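Dropping protein-v8.cif in here (mmCIF, C-alpha atoms):
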```
data_model
#
loop_
_atom_site.label_atom_id
_atom_site.label_comp_id
_atom_site.auth_asym_id
_atom_site.auth_seq_id
_atom_site.Cartn_x
_atom_site.Cartn_y
_atom_site.Cartn_z
CA MET A 1 0.00 0.00 0.00
CA PRO A 2 1.42 3.48 -0.85
CA ALA A 3 2.81 5.60 1.96
CA HIS A 4 -0.08 8.07 1.78
CA ASP A 5 -2.53 5.26 2.66
CA THR A 6 -0.93 4.70 6.06
CA ALA A 7 -2.32 6.16 9.24
CA HIS A 8 1.05 7.36 10.53
CA CYS A 9 4.20 8.64 8.90
CA PRO A 10 7.04 6.25 9.80
CA MET A 11 9.58 9.10 9.75
CA THR A 12 7.80 11.43 12.18
CA GLY A 13 5.07 9.38 13.86
CA MET A 14 2.67 12.17 12.93
CA SER A 15 -0.86 11.30 11.88
CA ARG A 16 -1.20 11.41 8.11
CA VAL A 17 -4.02 10.35 5.85
CA LYS A 18 -6.61 8.18 7.52
CA GLN A 19 -8.67 5.78 5.44
CA GLU A 20 -12.05 4.68 6.71
CA ALA A 21 -13.62 1.59 5.19
CA PHE A 22 -17.31 2.30 5.45
CA LYS A 23 -20.04 2.57 2.90
CA VAL A 24 -20.27 5.81 0.95
CA ALA A 25 -23.54 6.22 -0.90
CA CYS A 26 -23.36 8.42 -4.01
CA SER A 27 -27.15 8.15 -4.27
CA SER A 28 -27.64 9.95 -0.95
CA CYS A 29 -24.76 12.44 -1.24
CA ASN A 30 -25.78 16.09 -1.51
CA LEU A 31 -22.88 16.68 -3.91
CA ARG A 32 -24.01 14.16 -6.52
CA GLU A 33 -25.21 16.95 -8.85
CA LEU A 34 -21.69 18.44 -8.85
CA CYS A 35 -19.59 15.30 -8.79
CA LEU A 36 -18.98 12.35 -11.13
CA PRO A 37 -22.44 10.73 -10.66
CA VAL A 38 -24.35 13.78 -11.96
CA GLY A 39 -27.22 12.80 -14.25
CA LEU A 40 -26.93 9.06 -13.61
CA SER A 41 -30.04 6.93 -13.20
CA ARG A 42 -30.95 5.25 -9.92
CA ASP A 43 -29.61 1.89 -11.15
CA ASP A 44 -26.36 3.48 -12.29
CA LEU A 45 -26.00 5.30 -8.98
CA GLU A 46 -26.23 1.96 -7.19
CA LYS A 47 -23.35 0.71 -9.34
CA MET A 48 -21.36 3.80 -8.34
CA ASP A 49 -22.17 3.07 -4.69
CA ALA A 50 -20.55 -0.35 -5.12
CA LEU A 51 -17.50 1.28 -6.74
CA VAL A 52 -16.88 4.01 -4.14
CA ALA A 53 -16.24 1.84 -1.10
CA THR A 54 -14.06 4.04 1.10
CA ARG A 55 -13.77 7.57 2.34
CA ARG A 56 -10.45 9.04 3.40
CA ALA A 57 -9.83 11.79 5.95
CA VAL A 58 -7.00 14.23 5.18
CA PRO A 59 -6.06 16.56 8.04
CA ARG A 60 -5.18 20.19 7.30
CA GLY A 61 -1.65 20.47 5.93
CA GLU A 62 -1.37 16.78 5.08
CA THR A 63 -0.84 15.38 1.58
CA LEU A 64 -3.34 13.16 -0.21
CA PHE A 65 -0.75 12.17 -2.84
CA ARG A 66 2.65 13.41 -3.93
CA SER A 67 4.32 13.91 -7.27
CA GLY A 68 5.82 10.59 -8.35
CA ASP A 69 3.35 8.43 -6.40
CA ALA A 70 1.82 5.55 -8.35
CA PHE A 71 -1.58 6.48 -9.74
CA GLN A 72 -4.32 4.14 -8.55
CA SER A 73 -7.43 6.18 -7.76
CA LEU A 74 -9.32 9.37 -8.38
CA TYR A 75 -10.57 11.28 -5.36
CA ALA A 76 -13.87 13.15 -5.14
CA VAL A 77 -13.67 15.92 -2.55
CA ARG A 78 -16.56 15.40 -0.15
CA THR A 79 -15.71 18.10 2.39
CA GLY A 80 -12.88 20.57 2.73
CA PHE A 81 -10.48 22.31 0.38
CA PHE A 82 -7.26 21.32 -1.41
CA LYS A 83 -4.48 22.87 -3.40
CA THR A 84 -2.40 21.14 -6.05
CA CYS A 85 1.19 22.24 -6.56
CA VAL A 86 4.41 21.29 -8.30
CA SER A 87 7.97 21.98 -7.17
CA SER A 88 10.11 24.22 -9.36
CA GLU A 89 13.81 23.61 -9.97
CA ASP A 90 14.77 26.08 -7.23
CA GLY A 91 12.64 24.20 -4.71
CA ARG A 92 9.69 26.57 -4.56
CA ASP A 93 6.12 25.30 -4.78
CA GLN A 94 4.03 26.50 -7.73
CA VAL A 95 0.30 26.28 -7.01
CA THR A 96 -1.54 24.85 -10.00
CA GLY A 97 -5.10 24.77 -8.69
CA PHE A 98 -7.58 24.83 -5.82
CA GLN A 99 -10.22 22.11 -5.43
CA MET A 100 -13.36 22.15 -3.31
CA ALA A 101 -16.26 19.82 -2.47
CA GLY A 102 -17.71 18.08 -5.52
CA GLU A 103 -14.52 18.28 -7.59
CA LEU A 104 -12.07 15.53 -8.55
CA LEU A 105 -8.41 15.16 -7.65
CA GLY A 106 -5.91 12.83 -9.28
CA LEU A 107 -6.64 13.35 -12.97
CA ASP A 108 -2.98 14.30 -13.44
CA GLY A 109 -1.95 10.67 -12.94
CA ILE A 110 -3.90 9.15 -15.83
CA SER A 111 -1.38 9.85 -18.60
CA ASN A 112 1.68 8.05 -17.23
CA ASP A 113 0.32 6.13 -14.20
CA ARG A 114 2.09 8.47 -11.77
CA HIS A 115 0.98 11.68 -10.15
CA SER A 116 2.69 14.81 -11.45
CA CYS A 117 1.77 17.12 -8.56
CA ASP A 118 1.14 17.19 -4.81
CA ALA A 119 -2.40 17.49 -3.41
CA VAL A 120 -2.43 19.19 0.00
CA ALA A 121 -5.43 19.75 2.27
CA LEU A 122 -5.93 23.44 3.15
CA GLU A 123 -8.38 22.44 5.90
CA ASP A 124 -9.53 19.18 7.47
CA SER A 125 -11.04 17.36 4.50
CA GLN A 126 -12.61 14.10 3.34
CA VAL A 127 -12.42 12.46 -0.08
CA CYS A 128 -14.24 9.53 -1.63
CA VAL A 129 -11.78 7.04 -3.15
CA ILE A 130 -12.61 5.90 -6.70
CA PRO A 131 -10.29 3.09 -7.93
CA PHE A 132 -9.53 4.08 -11.52
CA ALA A 133 -9.32 0.56 -12.95
CA ASP A 134 -12.79 -0.20 -11.57
CA LEU A 135 -14.09 3.15 -12.87
CA GLU A 136 -12.84 2.36 -16.38
CA GLU A 137 -14.50 -1.06 -16.29
CA LEU A 138 -17.78 0.41 -15.07
CA ALA A 139 -17.67 3.21 -17.66
CA ARG A 140 -17.53 0.59 -20.40
CA GLU A 141 -20.82 -0.84 -19.14
CA PHE A 142 -22.85 2.34 -19.33
CA THR A 143 -22.21 5.38 -21.49
CA ASP A 144 -23.67 8.00 -19.14
CA LEU A 145 -20.76 7.59 -16.74
CA GLN A 146 -18.23 7.74 -19.58
CA ARG A 147 -19.91 10.88 -20.92
CA GLN A 148 -19.81 12.56 -17.52
CA PHE A 149 -16.17 11.64 -17.02
CA ASN A 150 -15.36 13.13 -20.43
CA LYS A 151 -17.14 16.34 -19.39
CA ILE A 152 -15.03 16.54 -16.24
CA MET A 153 -11.84 16.05 -18.24
CA SER A 154 -12.97 18.77 -20.66
CA ARG A 155 -13.77 21.11 -17.76
CA GLU A 156 -10.21 20.71 -16.50
CA ILE A 157 -8.84 21.61 -19.94
CA VAL A 158 -11.06 24.70 -20.10
CA ARG A 159 -9.92 25.70 -16.60
CA ASP A 160 -6.28 25.34 -17.64
CA HIS A 161 -6.95 27.59 -20.64
CA GLY A 162 -8.49 30.14 -18.28
CA VAL A 163 -5.37 30.12 -16.12
CA MET A 164 -3.21 30.60 -19.23
CA LEU A 165 -5.32 33.65 -20.11
CA LEU A 166 -4.89 35.00 -16.59
CA LEU A 167 -1.12 34.61 -16.67
CA GLY A 168 -0.63 35.68 -20.25
CA SER A 169 -2.66 38.81 -20.76
CA MET A 170 -4.15 40.23 -17.55
CA ARG A 171 -2.87 42.84 -15.14
CA ALA A 172 -2.72 42.07 -11.41
CA GLU A 173 -6.13 43.67 -10.71
CA GLU A 174 -7.75 41.68 -13.50
CA ARG A 175 -6.18 38.40 -12.36
CA LEU A 176 -7.38 38.80 -8.77
CA ALA A 177 -10.86 39.89 -9.86
CA ALA A 178 -11.21 36.86 -12.14
CA PHE A 179 -9.97 34.58 -9.37
CA LEU A 180 -12.48 35.90 -6.83
CA LEU A 181 -15.38 35.72 -9.29
CA ASN A 182 -14.52 32.14 -10.22
CA LEU A 183 -14.25 31.18 -6.55
CA THR A 184 -17.61 32.71 -5.62
CA GLN A 185 -19.34 31.10 -8.63
CA ARG A 186 -18.08 27.68 -7.61
CA LEU A 187 -19.08 28.23 -3.98
CA GLN A 188 -22.52 29.50 -4.99
CA ALA A 189 -23.11 26.29 -6.96
CA ARG A 190 -22.59 24.49 -3.63
CA GLY A 191 -25.20 26.56 -1.81
CA PHE A 192 -22.90 29.16 -0.27
CA SER A 193 -23.25 32.92 -0.40
CA PRO A 194 -22.40 34.54 -3.76
CA SER A 195 -20.85 37.54 -2.02
CA SER A 196 -19.25 36.41 1.27
CA LEU A 197 -16.45 33.88 1.56
CA ILE A 198 -13.58 32.81 3.77
CA LEU A 199 -10.37 32.23 1.82
CA ARG A 200 -8.93 28.81 2.63
CA MET A 201 -5.66 29.67 0.93
CA THR A 202 -3.07 32.26 1.94
CA ARG A 203 -2.30 35.36 -0.08
CA GLU A 204 1.05 33.79 -0.90
CA GLU A 205 -0.71 30.74 -2.37
CA ILE A 206 -3.04 33.00 -4.36
CA GLY A 207 0.01 34.83 -5.69
CA SER A 208 1.68 31.57 -6.67
CA TYR A 209 -1.42 30.50 -8.57
CA LEU A 210 -1.89 33.86 -10.30
CA GLY A 211 1.79 34.49 -11.02
CA LEU A 212 1.94 37.48 -8.66
CA LYS A 213 4.20 38.41 -5.76
CA LEU A 214 2.77 38.34 -2.25
CA GLU A 215 3.15 42.11 -1.97
CA THR A 216 1.20 42.61 -5.19
CA VAL A 217 -1.68 40.42 -3.99
CA SER A 218 -1.87 42.26 -0.65
CA ARG A 219 -1.68 45.65 -2.38
CA THR A 220 -4.41 44.68 -4.84
CA PHE A 221 -6.74 43.52 -2.05
CA SER A 222 -6.22 46.88 -0.35
CA LYS A 223 -6.87 48.70 -3.65
CA PHE A 224 -10.13 46.82 -4.15
CA GLN A 225 -11.19 47.72 -0.62
CA ASP A 226 -10.32 51.40 -1.12
CA GLU A 227 -12.36 51.42 -4.34
CA GLY A 228 -15.39 49.89 -2.63
CA LEU A 229 -15.23 46.58 -4.51
CA LEU A 230 -14.51 44.43 -1.45
CA GLU A 231 -14.61 44.45 2.30
CA VAL A 232 -11.52 42.60 3.54
CA LYS A 233 -10.99 41.32 7.08
CA GLN A 234 -7.96 39.04 6.95
CA ARG A 235 -9.31 35.92 5.16
CA GLN A 236 -12.93 37.03 5.31
CA ILE A 237 -13.98 38.63 2.03
CA ARG A 238 -17.27 40.33 1.22
CA ILE A 239 -17.87 41.39 -2.36
CA LEU A 240 -19.57 44.80 -2.37
CA ASN A 241 -19.53 45.49 -6.10
CA GLN A 242 -19.61 42.31 -8.15
CA GLY A 243 -20.39 44.32 -11.28
CA GLY A 244 -17.19 46.26 -10.80
CA LEU A 245 -15.17 43.04 -10.65
CA HIS A 246 -16.92 41.77 -13.78
CA GLN A 247 -16.15 45.04 -15.53
CA LEU A 248 -12.46 44.65 -14.72
CA VAL A 249 -12.39 41.11 -16.15
CA ASN A 250 -14.55 41.87 -19.18
CA GLY A 251 -12.39 44.85 -20.02
CA ALA A 252 -9.33 42.59 -20.00
CA ALA A 253 -11.04 40.03 -22.23
CA CYS A 254 -11.89 42.56 -24.93
#
```
Would you mind giving the structure from this file in structure tokens?
Amino acid sequence: MPAHDTAHCPMTGMSRVKQEAFKVACSSCNLRELCLPVGLSRDDLEKMDALVATRRAVPRGETLFRSGDAFQSLYAVRTGFFKTCVSSEDGRDQVTGFQMAGELLGLDGISNDRHSCDAVALEDSQVCVIPFADLEELAREFTDLQRQFNKIMSREIVRDHGVMLLLGSMRAEERLAAFLLNLTQRLQARGFSPSSLILRMTREEIGSYLGLKLETVSRTFSKFQDEGLLEVKQRQIRILNQGGLHQLVNGAAC
């Protein structure tokens, strides 16, 4: 079993990822309309229930998988928040994405059977473990699952293109505005407020993702607050003028 499946790290004795072998029912999950089983029939959902047999707890700061680990499963985030990152040649971590409840982790490992990034929990989290070999076999049996999986893969490609646009053509203000709007849209789809949020990531992690220095991120947050776009209290953010943020992003896209 890979090291990240163990309950304790042999080097430090610290608690790592805990796997719980109990039944996880996709059919009764309130995230099924956001996750892989979306749109599946009752019979197909029962087949998914048989496939997703375990849930895994990942404490804040712990790693679900690391770059170079053998790829065996996909992970549907049930609760919590993750970041994915890769290490640059000088040893710094480059954040490549943030994942929340209802989204999949581990797609990076499909191409060469090894993970190409680290997945780190930004808060105490739980994931549903989906063995990929079993998923492939099940997808061959019914096309709705294969179609949904293809949609998820396509969504990841579109998201990557969006990040390329952010990094390639937008100023700092436009990058941060687009990031906040994307975050609130995703949270709203999960039943949270469209205007109030608590950032699970640090400003340094936001800067890494957006290709900005920490000082630039902090300065831009302050600028948005001065202009009446946001109310900022440490990690608590309240969007006061969503139209103004949209105008910033739309102006950059023209």
Grab the CA of Asn182 in chain A to CA of Ala101 in chain A distance for me, in Å with one decimal place.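 Between CA of Asn182 in chain A and CA of Ala101 in chain A the gap works out to 14.7 Å.
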Given the file shown, determine the residues that the PyMOL selection byres ((chain A and resi 201-211) around 8) selects; report them as a PyMOL selection string. chain A and resi 93-97+122+163+166-167+175-176+199-200+212-214+216-218+235
So what does the PyMOL selection byres ((chain A and resi 194) around 12) actually pick up in this one, as a VMD selection string? chain A and resid 180 to 193 195 to 198 237 to 242
Can you spell out as an MDAnalysis selection string the set of residues that the PyMOL selection byres ((chain A and resi 248) around 12) selects in the structure I just provided? chainID A and resid 170:181 224 229 241:247 249:254
Show me as a PyMOL selection string the residues that reach within 10 Å of (3.5, 16.2, -11.1), counting all atoms listed in the file and using the file's own coordinates. chain A and resi 66-69+84-87+108-109+114-119
Any idea what's packed within 9 Å of range 73-76 of chain A, counting only C-alpha atoms, ignoring anything in its chain fewer than 4 positions away? Could you give it as a PyMOL selection string? chain A and resi 35-36+101-107+109+126-133+135
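The two atoms in question, CA of Leu64 in chain A and CA of Ala121 in chain A, are spaced 7.3 Å apart.
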For the atom pair CA of Arg140 in chain A and CA of Asp44 in chain A, what is the interatomic distance in Å to one decimal place?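 Value for the CA of Arg140 in chain A-CA of Asp44 in chain A distance: 12.3 Å.
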For range 48-117 of chain A of the structure just presented, write C-alpha atoms to a file, as a PDB file, in the first residue's frame.
```
ATOM      1  CA  MET A  48     -21.364   3.798  -8.345  1.00  0.00           C
ATOM      2  CA  ASP A  49     -22.173   3.068  -4.691  1.00  0.00           C
ATOM      3  CA  ALA A  50     -20.554  -0.349  -5.117  1.00  0.00           C
ATOM      4  CA  LEU A  51     -17.500   1.277  -6.736  1.00  0.00           C
ATOM      5  CA  VAL A  52     -16.880   4.012  -4.140  1.00  0.00           C
ATOM      6  CA  ALA A  53     -16.237   1.841  -1.098  1.00  0.00           C
ATOM      7  CA  THR A  54     -14.058   4.039   1.103  1.00  0.00           C
ATOM      8  CA  ARG A  55     -13.768   7.568   2.335  1.00  0.00           C
ATOM      9  CA  ARG A  56     -10.453   9.039   3.399  1.00  0.00           C
ATOM     10  CA  ALA A  57      -9.827  11.790   5.948  1.00  0.00           C
ATOM     11  CA  VAL A  58      -7.004  14.230   5.175  1.00  0.00           C
ATOM     12  CA  PRO A  59      -6.064  16.563   8.044  1.00  0.00           C
ATOM     13  CA  ARG A  60      -5.176  20.185   7.303  1.00  0.00           C
ATOM     14  CA  GLY A  61      -1.653  20.472   5.931  1.00  0.00           C
ATOM     15  CA  GLU A  62      -1.367  16.779   5.075  1.00  0.00           C
ATOM     16  CA  THR A  63      -0.837  15.382   1.576  1.00  0.00           C
ATOM     17  CA  LEU A  64      -3.344  13.163  -0.210  1.00  0.00           C
ATOM     18  CA  PHE A  65      -0.752  12.172  -2.836  1.00  0.00           C
ATOM     19  CA  ARG A  66       2.648  13.408  -3.928  1.00  0.00           C
ATOM     20  CA  SER A  67       4.325  13.910  -7.266  1.00  0.00           C
ATOM     21  CA  GLY A  68       5.818  10.591  -8.354  1.00  0.00           C
ATOM     22  CA  ASP A  69       3.354   8.432  -6.405  1.00  0.00           C
ATOM     23  CA  ALA A  70       1.822   5.553  -8.348  1.00  0.00           C
ATOM     24  CA  PHE A  71      -1.582   6.475  -9.742  1.00  0.00           C
ATOM     25  CA  GLN A  72      -4.324   4.139  -8.551  1.00  0.00           C
ATOM     26  CA  SER A  73      -7.433   6.176  -7.761  1.00  0.00           C
ATOM     27  CA  LEU A  74      -9.324   9.374  -8.379  1.00  0.00           C
ATOM     28  CA  TYR A  75     -10.572  11.283  -5.358  1.00  0.00           C
ATOM     29  CA  ALA A  76     -13.869  13.150  -5.138  1.00  0.00           C
ATOM     30  CA  VAL A  77     -13.666  15.925  -2.553  1.00  0.00           C
ATOM     31  CA  ARG A  78     -16.558  15.396  -0.153  1.00  0.00           C
ATOM     32  CA  THR A  79     -15.712  18.096   2.390  1.00  0.00           C
ATOM     33  CA  GLY A  80     -12.880  20.566   2.732  1.00  0.00           C
ATOM     34  CA  PHE A  81     -10.485  22.313   0.375  1.00  0.00           C
ATOM     35  CA  PHE A  82      -7.261  21.318  -1.408  1.00  0.00           C
ATOM     36  CA  LYS A  83      -4.475  22.873  -3.399  1.00  0.00           C
ATOM     37  CA  THR A  84      -2.400  21.137  -6.053  1.00  0.00           C
ATOM     38  CA  CYS A  85       1.189  22.240  -6.562  1.00  0.00           C
ATOM     39  CA  VAL A  86       4.411  21.289  -8.297  1.00  0.00           C
ATOM     40  CA  SER A  87       7.969  21.976  -7.175  1.00  0.00           C
ATOM     41  CA  SER A  88      10.107  24.216  -9.358  1.00  0.00           C
ATOM     42  CA  GLU A  89      13.810  23.614  -9.968  1.00  0.00           C
ATOM     43  CA  ASP A  90      14.767  26.079  -7.231  1.00  0.00           C
ATOM     44  CA  GLY A  91      12.638  24.201  -4.713  1.00  0.00           C
ATOM     45  CA  ARG A  92       9.691  26.574  -4.561  1.00  0.00           C
ATOM     46  CA  ASP A  93       6.121  25.297  -4.785  1.00  0.00           C
ATOM     47  CA  GLN A  94       4.034  26.504  -7.727  1.00  0.00           C
ATOM     48  CA  VAL A  95       0.303  26.276  -7.013  1.00  0.00           C
ATOM     49  CA  THR A  96      -1.541  24.851 -10.001  1.00  0.00           C
ATOM     50  CA  GLY A  97      -5.102  24.769  -8.688  1.00  0.00           C
ATOM     51  CA  PHE A  98      -7.578  24.827  -5.820  1.00  0.00           C
ATOM     52  CA  GLN A  99     -10.221  22.106  -5.434  1.00  0.00           C
ATOM     53  CA  MET A 100     -13.363  22.155  -3.311  1.00  0.00           C
ATOM     54  CA  ALA A 101     -16.258  19.823  -2.472  1.00  0.00           C
ATOM     55  CA  GLY A 102     -17.712  18.076  -5.520  1.00  0.00           C
ATOM     56  CA  GLU A 103     -14.517  18.280  -7.589  1.00  0.00           C
ATOM     57  CA  LEU A 104     -12.068  15.528  -8.547  1.00  0.00           C
ATOM     58  CA  LEU A 105      -8.410  15.159  -7.647  1.00  0.00           C
ATOM     59  CA  GLY A 106      -5.910  12.832  -9.279  1.00  0.00           C
ATOM     60  CA  LEU A 107      -6.643  13.354 -12.968  1.00  0.00           C
ATOM     61  CA  ASP A 108      -2.979  14.305 -13.442  1.00  0.00           C
ATOM     62  CA  GLY A 109      -1.954  10.672 -12.940  1.00  0.00           C
ATOM     63  CA  ILE A 110      -3.898   9.146 -15.828  1.00  0.00           C
ATOM     64  CA  SER A 111      -1.378   9.855 -18.604  1.00  0.00           C
ATOM     65  CA  ASN A 112       1.684   8.049 -17.229  1.00  0.00           C
ATOM     66  CA  ASP A 113       0.322   6.131 -14.203  1.00  0.00           C
ATOM     67  CA  ARG A 114       2.092   8.466 -11.773  1.00  0.00           C
ATOM     68  CA  HIS A 115       0.984  11.677 -10.148  1.00  0.00           C
ATOM     69  CA  SER A 116       2.691  14.806 -11.446  1.00  0.00           C
ATOM     70  CA  CYS A 117       1.768  17.121  -8.557  1.00  0.00           C
TER      71      CYS A 117
END
```
